[in-house]
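**Q** Got a structure for you, questions after.
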Amino acid sequence: MRPSHLFLAVLVTAVWGVNFTVIEVGLGHFPPLLFSALRFLVAALPAVFLVGRPEVAWKWIVGVGLALGVAKFGLLFVGMDAGMPGGLSSLVLQVQAVFTALFAFALLGERPSRIRLVGMAVALAGIGVAAADEGASGPLLGFALVVAAAACWGVSNILTRKAAPPDALNFMIWVSTVPVLPLLGLSLLLEGPSRDLDALRGLDWQGAGTVLFVAWVATVFGFGAWGWLLRRHPASTVAPFSLLVPVFGMSSAALFLGESVTPLRWCAAALLVGGVALASVTPRRPRSRRRGSASGTRC
């Protein structure tokens, strides 16, 4: 990987890590479901008129839009609004790799290797340690909602794999059009019109800035750059960089929001990141030797 590509991969993970801090700031300005709806609305418009027509079937766009946009981000934002710290959220969400492997086994018949099973067990141990730490210092409801968000992310990963979009940016922009109305409807139903209107009437530069960051920087730039890297390098080369997301997430939350990182949380981070790294290992296929002619030459 070229130095410029390496820099871009680290930059994207830094953006995605810092995004959790930005979300936490944004939740001080908007109800969570409204905030999530605004994120996808701004990500989709006007970009949807610039990226061309969808390159995959609508069933995949709608499926991923509901699983990723409505379920995953809806649960994440509500969980963080319920008290789940941004830095810890960036860490716990990495268990999506375990859910993805489990769903791939159940739905696609992909049997995980032994090393992946070990990695999944280690990552789940990290979740247990993180739950114990959060239970001692914060509400477990928010923690449970973020774990549920990770499970929904696993579902969206399976749907995305089935869709196999040739252009990640085009796909993400069209996916962003799906969650807007469902999230707005849920916000009106669960958060109430008066709360939504109060948030929109009180919009200031900081609130607008959080929406623009999570929509244009984290979503449009982040997924666009990540897709660009995946088109030029093997997934096994690019994917491990995602393990840097909780590093930037926890660091930025500690730096800008004053979130404490307890020794127990560091232990959870080591187990989760290490487990996800093992669960992400793709075993090498044994090379088959091709015999040459009777003279014994090898091709």
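Here, A, B, ... name the chains of the structure tokens in the order displayed, residue numbers run from 1 inside each chain, and ligands are numbered from 1 in the same displayed order.
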As a ChimeraX atom specification, list the residues of region 84-264 of chain A assigned to alpha helix (DSSP H) by DSSP on the backbone atoms of this structure.
**A** /A:86-92,96-108,114-137,140-163,168-176,180-186,193-201,205-212,222-232,235-238,245-256,263-264
**Q** Please produce a file of those selected residues containing C-alpha atoms, as a tab-separated table (two decimals), in the first residue's frame.
**A**
```tsv
chain	number	residue	atom	x	y	z
A	86	GLY	CA	-19.19	7.67	22.94
A	87	GLY	CA	-15.74	6.16	23.41
A	88	LEU	CA	-17.11	2.92	24.81
A	89	SER	CA	-19.73	2.83	22.03
A	90	SER	CA	-16.98	2.96	19.39
A	91	LEU	CA	-15.40	-0.06	21.07
A	92	VAL	CA	-18.51	-2.17	21.70
A	96	GLN	CA	-20.34	-6.57	14.81
A	97	ALA	CA	-17.57	-8.76	13.38
A	98	VAL	CA	-18.72	-11.58	15.67
A	99	PHE	CA	-22.38	-11.10	14.73
A	100	THR	CA	-21.42	-11.00	11.04
A	101	ALA	CA	-19.61	-14.33	11.36
A	102	LEU	CA	-22.56	-15.88	13.24
A	103	PHE	CA	-25.10	-14.65	10.69
A	104	ALA	CA	-22.87	-15.77	7.82
A	105	PHE	CA	-22.84	-19.28	9.34
A	106	ALA	CA	-26.60	-19.33	9.97
A	107	LEU	CA	-27.73	-17.75	6.71
A	108	LEU	CA	-24.96	-18.43	4.21
A	114	ARG	CA	-10.95	-22.48	14.54
A	115	ILE	CA	-8.97	-19.27	14.81
A	116	ARG	CA	-12.12	-17.26	14.08
A	117	LEU	CA	-14.01	-19.17	16.76
A	118	VAL	CA	-11.24	-18.35	19.23
A	119	GLY	CA	-11.37	-14.71	18.16
A	120	MET	CA	-15.15	-14.61	18.62
A	121	ALA	CA	-14.83	-16.07	22.11
A	122	VAL	CA	-12.16	-13.52	23.05
A	123	ALA	CA	-14.24	-10.65	21.67
A	124	LEU	CA	-17.30	-11.83	23.60
A	125	ALA	CA	-15.16	-11.96	26.74
A	126	GLY	CA	-14.27	-8.34	26.04
A	127	ILE	CA	-17.98	-7.50	25.79
A	128	GLY	CA	-18.50	-9.16	29.18
A	129	VAL	CA	-15.71	-7.10	30.75
A	130	ALA	CA	-17.08	-3.90	29.15
A	131	ALA	CA	-20.57	-4.73	30.46
A	132	ALA	CA	-19.19	-5.24	33.97
A	133	ASP	CA	-17.38	-1.89	33.77
A	134	GLU	CA	-20.45	-0.08	32.42
A	135	GLY	CA	-22.72	-1.75	34.97
A	136	ALA	CA	-20.55	-0.37	37.72
A	137	SER	CA	-20.53	3.18	36.35
A	140	LEU	CA	-26.87	-1.06	31.24
A	141	LEU	CA	-29.80	-0.18	28.96
A	142	GLY	CA	-27.62	2.04	26.78
A	143	PHE	CA	-24.98	-0.70	26.66
A	144	ALA	CA	-27.58	-3.30	25.58
A	145	LEU	CA	-28.91	-0.98	22.86
A	146	VAL	CA	-25.41	-0.49	21.40
A	147	VAL	CA	-24.82	-4.28	21.41
A	148	ALA	CA	-28.16	-4.63	19.57
A	149	ALA	CA	-26.95	-1.98	17.12
A	150	ALA	CA	-23.84	-4.10	16.47
A	151	ALA	CA	-26.08	-7.10	15.75
A	152	CYS	CA	-28.08	-5.05	13.23
A	153	TRP	CA	-24.79	-3.96	11.65
A	154	GLY	CA	-23.96	-7.65	11.25
A	155	VAL	CA	-27.26	-8.16	9.41
A	156	SER	CA	-26.51	-5.22	7.10
A	157	ASN	CA	-23.05	-6.67	6.40
A	158	ILE	CA	-24.63	-9.91	5.19
A	159	LEU	CA	-27.09	-8.00	2.99
A	160	THR	CA	-24.28	-5.86	1.60
A	161	ARG	CA	-22.25	-8.97	0.83
A	162	LYS	CA	-25.21	-10.41	-1.07
A	163	ALA	CA	-25.72	-7.11	-2.92
A	168	ALA	CA	-19.49	1.75	-2.39
A	169	LEU	CA	-20.21	5.49	-2.54
A	170	ASN	CA	-23.09	5.13	-4.99
A	171	PHE	CA	-24.53	2.35	-2.83
A	172	MET	CA	-24.19	4.28	0.45
A	173	ILE	CA	-25.80	7.41	-0.97
A	174	TRP	CA	-28.82	5.48	-2.21
A	175	VAL	CA	-28.99	3.52	1.06
A	176	SER	CA	-29.08	6.87	2.88
A	180	VAL	CA	-35.08	9.23	6.44
A	181	LEU	CA	-38.88	8.79	6.47
A	182	PRO	CA	-38.95	5.77	8.85
A	183	LEU	CA	-36.69	7.57	11.33
A	184	LEU	CA	-38.73	10.78	11.08
A	185	GLY	CA	-41.90	8.77	11.67
A	186	LEU	CA	-40.41	7.01	14.69
A	193	PRO	CA	-43.51	16.67	17.50
A	194	SER	CA	-42.96	19.38	20.12
A	195	ARG	CA	-39.52	18.05	21.07
A	196	ASP	CA	-38.53	17.80	17.40
A	197	LEU	CA	-39.76	21.32	16.63
A	198	ASP	CA	-37.99	22.76	19.67
A	199	ALA	CA	-34.72	21.18	18.49
A	200	LEU	CA	-35.10	22.54	14.95
A	201	ARG	CA	-36.10	26.03	16.17
A	205	TRP	CA	-23.94	26.54	14.42
A	206	GLN	CA	-22.73	23.73	16.69
A	207	GLY	CA	-25.83	21.60	16.11
A	208	ALA	CA	-25.66	22.20	12.35
A	209	GLY	CA	-21.96	21.38	12.38
A	210	THR	CA	-22.56	17.99	14.03
A	211	VAL	CA	-25.14	17.08	11.37
A	212	LEU	CA	-22.80	18.13	8.56
A	222	GLY	CA	-15.72	8.00	4.96
A	223	PHE	CA	-17.58	5.35	2.98
A	224	GLY	CA	-16.50	6.83	-0.33
A	225	ALA	CA	-12.80	6.74	0.59
A	226	TRP	CA	-13.13	3.28	2.15
A	227	GLY	CA	-14.77	1.94	-1.00
A	228	TRP	CA	-12.04	3.59	-3.11
A	229	LEU	CA	-9.38	1.78	-1.07
A	230	LEU	CA	-11.21	-1.54	-1.33
A	231	ARG	CA	-11.27	-1.22	-5.12
A	232	ARG	CA	-7.48	-0.86	-5.18
A	235	ALA	CA	-10.10	-6.50	1.65
A	236	SER	CA	-7.65	-8.37	3.90
A	237	THR	CA	-5.27	-5.40	3.57
A	238	VAL	CA	-7.84	-2.65	4.16
A	245	VAL	CA	-11.68	3.19	15.08
A	246	PRO	CA	-12.10	2.50	18.83
A	247	VAL	CA	-8.57	3.79	19.46
A	248	PHE	CA	-9.52	7.16	17.95
A	249	GLY	CA	-13.02	6.94	19.44
A	250	MET	CA	-11.88	6.43	23.02
A	251	SER	CA	-9.00	8.89	22.69
A	252	SER	CA	-11.14	11.70	21.25
A	253	ALA	CA	-13.88	11.13	23.85
A	254	ALA	CA	-11.31	11.31	26.63
A	255	LEU	CA	-9.67	14.40	25.13
A	256	PHE	CA	-12.73	16.46	24.17
A	263	PRO	CA	-8.27	-0.06	33.68
A	264	LEU	CA	-11.23	-2.42	33.23
```
